[in-house]
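So the structure is just underneath, and the comments pick up after that.
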Amino acid sequence: MIRSITGEMVAIIFKYGGISAAILVGLYAGLLGLLSTSAFQTHVVYLHKIQMTWFKDLDVPESFGFMRNQVTTFFLESSDGEKLHAWHILPVELYRKHEVALLGEPAGVVSDITSRHAFKLLRNDPDARLILHFHGAAGTVGSGYRVPNYHALSAGQPGKIHVLTFDYRGFGRSTGTPSEDGILLDAHAVIDWALNVAGIPPNRILVFAQSMGTAVSAAISNYFALKSPPAVFAGTVLVAPFIDAATLASSYRLVGTIPLLSPLAKFPVLFNYLQRFMRDKWSTKDRIAQYIRTNEANGEMYRMTLIHAEDDYDVPWDHTTTLFWHAVNTTTLVGISYDELEEKKTERKKDLGAAGSVMEWHTEHGIIREEILKSGLHDVIMGNPVITMAVMRIFQALDPSFTC
Ligand SMILES: *[C@@H]1O[C@H](CO)[C@@H](O)[C@H](O)[C@H]1NC(C)=O
């Protein structure tokens, strides 16, 4: 999000533009003024125009390192008519088994995905699992660490775990302009596709998200949990989530050092102003709390895993400890303070040394899990084995026979 003002954008400018920090800092005053305009907010919050996939064609997944027809490229439609560019990614062992048939099909964008061999492998296998992927701000389905991320997601069961990833409206090849309401319609369309076109029941679907995507997936998971009858997915894995847009903006540190908007956070009046002028609130803290409260009340099984690296310079890791606290607090009768929970952690959390620590909170219906890693940065983490483990832990909890 506002890491946007910053995060990926600044990284890119530094990497490719050679603009000095001094100039960026000089832009600060102007930035604050500009930020209060809606069109500018859209651009700095979502960074959707920064594609980071130069010289590559999103309709040619092979150019991102996939094998021919391992990825099916197609368009989904949102309820308000936006066309969303999506990739259905086959796991490698499944690809190997069906290589001949897959190679026999033409490459390129597919107009009717249901006619494709890869799609039938998903829809017709009662053991297939599907990961719905919600990427972060900036870039596209093919940018940065997202491709290694897809490999890590299916690595635990490479014969069974499919990934569906897509670009939100205004990103990549998708039409439209991003906004909180619009992106939630996009997420809705993706889930509808998974449930109704691919025909996968919620208990074989896992929601994975990173950074800005965590806000999208927390919102949409909550929406489906609130439905009657509810649809609760096998689990939700959130990497580098944030409390809400305003808190993120105020805690963001430019290139890990310069607190960009934090002067505002020191003064409640200014912070309230910040909250008010941000059109899109993305209140993950409230949505996670409501999601858990609803599932507890409905007696629905849920699993939520929050993962954050201590060396994440884009979104500070205390966003995750705060979200974990809000989630846990929801499951208690009288409430628990942040400090009380931290105290419980010192007794109960698993210390993994240089790998970090893990704290789990179990209720009758759910498991809320917090993994704080020592390293992994903001994006690199997505291609790491902890991601494979997070996925397998959730699928195996529901079905112990789900192994290689
Ligand atoms: C924590 O839970 C208690 C009891 O349900 C509630 O009264 C309180 O508002 C919650 N605190 C937060 C910060 O949500």
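Identifiers in this document derive from the order of the structure tokens: chains are assigned A, B, ..., residues are numbered from 1 separately in each chain, and ligands are numbered from 1 in order of occurrence.
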
Surroundings of ligand 1 up to 9 Å, based on only C-alpha atoms and all ligand atoms, as a VMD selection string: chain A and resid 285 to 286 289 325 to 338

Can those selected residues be exported to a file as a compact mmCIF listing (two decimals), in the first residue's frame so that it contains all heavy atoms?
# COMPACT_ATOMS: atom_id res chain seq x y z
N LYS A 285 -7.41 -5.51 10.31
CA LYS A 285 -7.59 -5.84 11.73
C LYS A 285 -9.06 -6.12 12.04
O LYS A 285 -9.38 -7.09 12.73
CB LYS A 285 -6.98 -4.73 12.57
CG LYS A 285 -7.88 -3.96 13.47
CD LYS A 285 -7.11 -2.91 14.22
CE LYS A 285 -7.62 -1.50 13.97
NZ LYS A 285 -9.03 -1.28 14.22
N ASP A 286 -9.95 -5.30 11.52
CA ASP A 286 -11.38 -5.50 11.79
C ASP A 286 -11.92 -6.71 11.04
O ASP A 286 -12.76 -7.45 11.52
CB ASP A 286 -12.18 -4.26 11.37
CG ASP A 286 -11.81 -3.05 12.21
OD1 ASP A 286 -11.37 -3.25 13.36
OD2 ASP A 286 -11.93 -1.91 11.72
N ALA A 289 -10.80 -9.97 12.66
CA ALA A 289 -11.55 -10.16 13.91
C ALA A 289 -12.97 -10.65 13.61
O ALA A 289 -13.46 -11.61 14.23
CB ALA A 289 -11.57 -8.87 14.72
N TRP A 325 -2.80 -10.45 17.76
CA TRP A 325 -3.47 -10.09 19.02
C TRP A 325 -4.97 -9.84 18.78
O TRP A 325 -5.82 -10.37 19.51
CB TRP A 325 -2.80 -8.86 19.63
CG TRP A 325 -3.60 -8.23 20.71
CD1 TRP A 325 -4.07 -8.82 21.84
CD2 TRP A 325 -4.07 -6.88 20.74
NE1 TRP A 325 -4.80 -7.92 22.59
CE2 TRP A 325 -4.81 -6.72 21.94
CE3 TRP A 325 -3.92 -5.78 19.89
CZ2 TRP A 325 -5.41 -5.50 22.28
CZ3 TRP A 325 -4.50 -4.57 20.25
CH2 TRP A 325 -5.24 -4.45 21.42
N HIS A 326 -5.31 -9.06 17.76
CA HIS A 326 -6.74 -8.81 17.48
C HIS A 326 -7.47 -10.12 17.21
O HIS A 326 -8.61 -10.32 17.66
CB HIS A 326 -6.90 -7.86 16.30
CG HIS A 326 -6.74 -6.42 16.66
ND1 HIS A 326 -7.74 -5.70 17.25
CD2 HIS A 326 -5.69 -5.58 16.55
CE1 HIS A 326 -7.32 -4.46 17.48
NE2 HIS A 326 -6.07 -4.37 17.06
N ALA A 327 -6.82 -11.02 16.48
CA ALA A 327 -7.45 -12.30 16.15
C ALA A 327 -7.67 -13.12 17.42
O ALA A 327 -8.77 -13.63 17.66
CB ALA A 327 -6.56 -13.07 15.16
N VAL A 328 -6.64 -13.22 18.24
CA VAL A 328 -6.73 -14.02 19.47
C VAL A 328 -7.74 -13.40 20.43
O VAL A 328 -8.58 -14.09 21.01
CB VAL A 328 -5.33 -14.13 20.14
CG1 VAL A 328 -5.46 -14.67 21.56
CG2 VAL A 328 -4.41 -15.02 19.30
N ASN A 329 -7.68 -12.09 20.56
CA ASN A 329 -8.60 -11.40 21.48
C ASN A 329 -10.06 -11.73 21.18
O ASN A 329 -10.88 -11.87 22.09
CB ASN A 329 -8.37 -9.89 21.39
CG ASN A 329 -9.22 -9.13 22.38
OD1 ASN A 329 -9.10 -9.32 23.58
ND2 ASN A 329 -10.11 -8.28 21.88
N THR A 330 -10.35 -11.88 19.89
CA THR A 330 -11.72 -12.18 19.47
C THR A 330 -12.21 -13.52 20.03
O THR A 330 -13.41 -13.72 20.19
CB THR A 330 -11.75 -12.26 17.92
OG1 THR A 330 -11.16 -11.07 17.42
CG2 THR A 330 -13.15 -12.37 17.40
N THR A 331 -11.27 -14.43 20.29
CA THR A 331 -11.68 -15.76 20.73
C THR A 331 -11.82 -15.84 22.25
O THR A 331 -12.16 -16.90 22.79
CB THR A 331 -10.65 -16.84 20.29
OG1 THR A 331 -9.43 -16.64 21.03
CG2 THR A 331 -10.37 -16.77 18.80
N THR A 332 -11.51 -14.74 22.95
CA THR A 332 -11.58 -14.78 24.42
C THR A 332 -12.87 -14.13 24.90
O THR A 332 -13.41 -13.25 24.24
CB THR A 332 -10.39 -14.01 25.05
OG1 THR A 332 -10.51 -12.63 24.69
CG2 THR A 332 -9.06 -14.55 24.56
N LEU A 333 -13.34 -14.57 26.06
CA LEU A 333 -14.59 -14.04 26.59
C LEU A 333 -14.43 -12.63 27.12
O LEU A 333 -15.24 -11.76 26.84
CB LEU A 333 -15.08 -14.94 27.73
CG LEU A 333 -15.96 -16.12 27.30
CD1 LEU A 333 -16.35 -16.95 28.51
CD2 LEU A 333 -17.21 -15.62 26.56
N VAL A 334 -13.35 -12.44 27.89
CA VAL A 334 -13.19 -11.14 28.55
C VAL A 334 -12.13 -10.28 27.88
O VAL A 334 -11.89 -9.15 28.30
CB VAL A 334 -12.82 -11.33 30.04
CG1 VAL A 334 -14.00 -11.87 30.81
CG2 VAL A 334 -11.62 -12.26 30.19
N GLY A 335 -11.52 -10.79 26.84
CA GLY A 335 -10.48 -10.02 26.16
C GLY A 335 -9.12 -10.27 26.76
O GLY A 335 -8.99 -10.78 27.87
N ILE A 336 -8.11 -9.97 25.98
CA ILE A 336 -6.73 -10.14 26.43
C ILE A 336 -5.97 -8.92 25.92
O ILE A 336 -6.20 -8.46 24.80
CB ILE A 336 -6.14 -11.46 25.91
CG1 ILE A 336 -4.72 -11.69 26.43
CG2 ILE A 336 -6.13 -11.54 24.38
CD1 ILE A 336 -4.20 -13.11 26.15
N SER A 337 -5.11 -8.35 26.76
CA SER A 337 -4.37 -7.18 26.29
C SER A 337 -3.17 -7.63 25.46
O SER A 337 -2.74 -8.78 25.55
CB SER A 337 -3.91 -6.33 27.47
OG SER A 337 -2.82 -6.97 28.11
N TYR A 338 -2.64 -6.71 24.70
CA TYR A 338 -1.48 -7.01 23.87
C TYR A 338 -0.34 -7.54 24.75
O TYR A 338 0.29 -8.55 24.44
CB TYR A 338 -1.04 -5.76 23.11
CG TYR A 338 0.11 -5.99 22.16
CD1 TYR A 338 -0.13 -6.41 20.85
CD2 TYR A 338 1.42 -5.78 22.55
CE1 TYR A 338 0.92 -6.63 19.96
CE2 TYR A 338 2.48 -5.99 21.67
CZ TYR A 338 2.23 -6.41 20.39
OH TYR A 338 3.26 -6.63 19.52

Using 8 Å as the limit and counting only C-alpha atoms, can you tabulate each residue of range 168-203 of chain A that touches range 116-133 of chain A, with its shortest atom-to-atom distance in Å and the two atoms involved, as CSV?
residue,atom,partner,partner_atom,distance
A:Val190,CA,A:Leu132,CA,7.9
A:Ile191,CA,A:Leu132,CA,7.8
A:Ala194,CA,A:Leu130,CA,8.0
A:Ala198,CA,A:Arg123,CA,5.1
A:Gly199,CA,A:Arg123,CA,6.1
A:Ile200,CA,A:Arg123,CA,6.9

Residues from the last selection, C-alpha atoms, saved as a PDB file, in the first residue's frame:
ATOM      1  CA  VAL A 190     -12.010 -15.275  -8.628  1.00  0.00           C
ATOM      2  CA  ILE A 191     -13.672 -17.156  -5.786  1.00  0.00           C
ATOM      3  CA  ALA A 194     -13.003 -21.500  -8.188  1.00  0.00           C
ATOM      4  CA  ALA A 198     -13.706 -25.198 -11.442  1.00  0.00           C
ATOM      5  CA  GLY A 199     -16.155 -26.786  -8.988  1.00  0.00           C
ATOM      6  CA  ILE A 200     -13.716 -26.973  -6.070  1.00  0.00           C
TER       7      ILE A 200
END

query: Got a sec to tell me which of range 30-116 of chain A DSSP assigns to strand (DSSP E), as a list in words?
result: Val71, Thr72, Thr73, Phe74, Phe75, Leu76, Glu77, Lys83, Leu84, His85, Ala86, Trp87, His88 and Ile89 of chain A

How about saving the chosen residues, all heavy atoms kept, as a tab-separated table (two decimals), in the first residue's frame?
chain	number	residue	atom	x	y	z
A	71	VAL	N	1.17	-23.10	-17.76
A	71	VAL	CA	0.25	-22.05	-17.32
A	71	VAL	C	-0.80	-21.83	-18.40
A	71	VAL	O	-0.47	-21.72	-19.58
A	71	VAL	CB	1.01	-20.72	-17.08
A	71	VAL	CG1	0.04	-19.59	-16.74
A	71	VAL	CG2	2.05	-20.90	-15.99
A	72	THR	N	-2.05	-21.79	-17.99
A	72	THR	CA	-3.11	-21.42	-18.92
A	72	THR	C	-3.46	-19.96	-18.65
A	72	THR	O	-3.80	-19.59	-17.52
A	72	THR	CB	-4.36	-22.28	-18.72
A	72	THR	OG1	-3.98	-23.65	-18.69
A	72	THR	CG2	-5.35	-22.06	-19.85
A	73	THR	N	-3.35	-19.14	-19.68
A	73	THR	CA	-3.65	-17.71	-19.55
A	73	THR	C	-5.07	-17.46	-20.04
A	73	THR	O	-5.44	-17.87	-21.14
A	73	THR	CB	-2.67	-16.92	-20.45
A	73	THR	OG1	-1.35	-17.23	-20.02
A	73	THR	CG2	-2.89	-15.44	-20.33
A	74	PHE	N	-5.87	-16.81	-19.18
A	74	PHE	CA	-7.26	-16.56	-19.59
A	74	PHE	C	-7.80	-15.33	-18.88
A	74	PHE	O	-7.10	-14.73	-18.05
A	74	PHE	CB	-8.14	-17.79	-19.31
A	74	PHE	CG	-8.35	-18.08	-17.83
A	74	PHE	CD1	-9.60	-17.86	-17.23
A	74	PHE	CD2	-7.33	-18.57	-17.04
A	74	PHE	CE1	-9.81	-18.12	-15.88
A	74	PHE	CE2	-7.52	-18.83	-15.69
A	74	PHE	CZ	-8.76	-18.62	-15.11
A	75	PHE	N	-9.00	-14.93	-19.20
A	75	PHE	CA	-9.62	-13.78	-18.56
A	75	PHE	C	-10.87	-14.20	-17.80
A	75	PHE	O	-11.67	-15.01	-18.28
A	75	PHE	CB	-9.99	-12.71	-19.61
A	75	PHE	CG	-8.80	-11.92	-20.08
A	75	PHE	CD1	-8.01	-12.39	-21.13
A	75	PHE	CD2	-8.45	-10.73	-19.46
A	75	PHE	CE1	-6.89	-11.67	-21.56
A	75	PHE	CE2	-7.33	-10.01	-19.88
A	75	PHE	CZ	-6.56	-10.48	-20.93
A	76	LEU	N	-10.99	-13.64	-16.59
A	76	LEU	CA	-12.19	-13.79	-15.78
A	76	LEU	C	-12.95	-12.47	-15.86
A	76	LEU	O	-12.33	-11.44	-16.06
A	76	LEU	CB	-11.79	-13.93	-14.32
A	76	LEU	CG	-11.19	-15.20	-13.80
A	76	LEU	CD1	-10.41	-14.91	-12.53
A	76	LEU	CD2	-12.32	-16.14	-13.52
A	77	GLU	N	-14.26	-12.51	-15.61
A	77	GLU	CA	-14.98	-11.24	-15.64
A	77	GLU	C	-15.57	-10.94	-14.28
A	77	GLU	O	-16.19	-11.80	-13.64
A	77	GLU	CB	-16.09	-11.30	-16.70
A	77	GLU	CG	-16.60	-9.91	-17.00
A	77	GLU	CD	-17.49	-9.86	-18.25
A	77	GLU	OE1	-17.27	-10.68	-19.17
A	77	GLU	OE2	-18.39	-9.01	-18.27
A	83	LYS	N	-12.39	-7.07	-17.08
A	83	LYS	CA	-11.77	-8.32	-17.54
A	83	LYS	C	-10.45	-8.50	-16.78
A	83	LYS	O	-9.57	-7.66	-16.87
A	83	LYS	CB	-11.47	-8.24	-19.03
A	83	LYS	CG	-12.70	-7.90	-19.87
A	83	LYS	CD	-13.23	-9.13	-20.57
A	83	LYS	CE	-14.35	-8.80	-21.56
A	83	LYS	NZ	-15.47	-8.05	-21.00
A	84	LEU	N	-10.37	-9.59	-16.06
A	84	LEU	CA	-9.21	-9.82	-15.20
A	84	LEU	C	-8.31	-10.91	-15.78
A	84	LEU	O	-8.75	-12.03	-16.04
A	84	LEU	CB	-9.67	-10.24	-13.80
A	84	LEU	CG	-10.71	-9.31	-13.18
A	84	LEU	CD1	-11.28	-9.92	-11.90
A	84	LEU	CD2	-10.11	-7.93	-12.92
A	85	HIS	N	-7.06	-10.54	-15.94
A	85	HIS	CA	-6.10	-11.44	-16.54
A	85	HIS	C	-5.62	-12.45	-15.48
A	85	HIS	O	-5.19	-12.05	-14.40
A	85	HIS	CB	-4.92	-10.60	-17.04
A	85	HIS	CG	-3.92	-11.33	-17.83
A	85	HIS	ND1	-2.67	-11.61	-17.35
A	85	HIS	CD2	-3.97	-11.84	-19.08
A	85	HIS	CE1	-1.98	-12.25	-18.29
A	85	HIS	NE2	-2.75	-12.41	-19.34
A	86	ALA	N	-5.75	-13.74	-15.80
A	86	ALA	CA	-5.45	-14.77	-14.80
A	86	ALA	C	-4.55	-15.86	-15.37
A	86	ALA	O	-4.54	-16.09	-16.58
A	86	ALA	CB	-6.75	-15.37	-14.28
A	87	TRP	N	-3.82	-16.48	-14.48
A	87	TRP	CA	-3.01	-17.65	-14.83
A	87	TRP	C	-3.46	-18.84	-13.98
A	87	TRP	O	-3.51	-18.75	-12.75
A	87	TRP	CB	-1.53	-17.41	-14.49
A	87	TRP	CG	-0.75	-16.56	-15.43
A	87	TRP	CD1	-1.17	-15.96	-16.58
A	87	TRP	CD2	0.64	-16.19	-15.25
A	87	TRP	NE1	-0.13	-15.26	-17.14
A	87	TRP	CE2	0.98	-15.38	-16.35
A	87	TRP	CE3	1.62	-16.47	-14.29
A	87	TRP	CZ2	2.27	-14.85	-16.51
A	87	TRP	CZ3	2.88	-15.94	-14.45
A	87	TRP	CH2	3.22	-15.15	-15.56
A	88	HIS	N	-3.74	-19.94	-14.64
A	88	HIS	CA	-3.92	-21.21	-13.92
A	88	HIS	C	-2.61	-21.98	-14.07
A	88	HIS	O	-2.22	-22.34	-15.18
A	88	HIS	CB	-5.11	-22.00	-14.52
A	88	HIS	CG	-5.16	-23.42	-14.06
A	88	HIS	ND1	-5.61	-24.46	-14.86
A	88	HIS	CD2	-4.80	-24.00	-12.88
A	88	HIS	CE1	-5.53	-25.60	-14.19
A	88	HIS	NE2	-5.05	-25.35	-12.99
A	89	ILE	N	-1.95	-22.24	-12.95
A	89	ILE	CA	-0.61	-22.84	-12.97
A	89	ILE	C	-0.67	-24.30	-12.51
A	89	ILE	O	-1.14	-24.59	-11.40
A	89	ILE	CB	0.35	-22.06	-12.05
A	89	ILE	CG1	0.33	-20.57	-12.42
A	89	ILE	CG2	1.77	-22.63	-12.13
A	89	ILE	CD1	1.02	-19.67	-11.40

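Proximity of A:Ile307, A:Ile372, A:Leu185, A:Val239 to Ile220 in chain A, computed with only C-alpha atoms, is greatest for A:Leu185.
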
query: What separation in Å, quoted to one decimal, exists between CA of Thr247 in chain A and CA of Tyr313 in chain A?
result: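 CA of Tyr313 in chain A lies 14.9 Å from CA of Thr247 in chain A.
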
- line: If you count only C-alpha atoms, the residue of A:His378, A:Lys281, A:Arg276, A:Arg169 closest to Ala215 in chain A turns out to be A:Lys281

field: Pick from A:His319, A:Arg303, A:Lys374, A:Arg204 nearest to Trp361 in chain A, counting only C-alpha atoms
entry: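 Nearest candidate to Trp361 in chain A out of A:His319, A:Arg303, A:Lys374, A:Arg204: A:Arg303.
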
- prompt: Separation of CA of Ala397 in chain A and CA of Gln210 in chain A, in Å?
  reply: 22.3 Å

Find the nearest atom pair between each residue of range 303-335 of chain A and range 380-391 of chain A for residues within 10 Å, count only C-alpha atoms, give distances in Å to one decimal, sort rows by chain and ascending number, and present the table as a tab-separated table.
residue	atom	partner	partner_atom	distance
A:Met304	CA	A:Ala390	CA	9.9
A:Thr305	CA	A:Ala390	CA	7.4
A:Leu306	CA	A:Ala390	CA	9.5
A:Ile307	CA	A:Ile387	CA	8.9
A:His308	CA	A:Ile381	CA	8.5
A:Ala309	CA	A:Ile381	CA	7.6
A:Asp312	CA	A:Ile381	CA	9.5

- request: Give the answer as one residue: which of A:Arg393, A:Ala209, A:Trp282, A:Thr363 has the shortest atom-to-atom distance to Ala245 in chain A, using only C-alpha atoms?
  value: A:Trp282

task: Return the single residue from A:Thr284, A:Ser375, A:Thr294, A:Ser250 that is closest to Gly353 in chain A, with distances computed using only C-alpha atoms.
output: A:Ser375
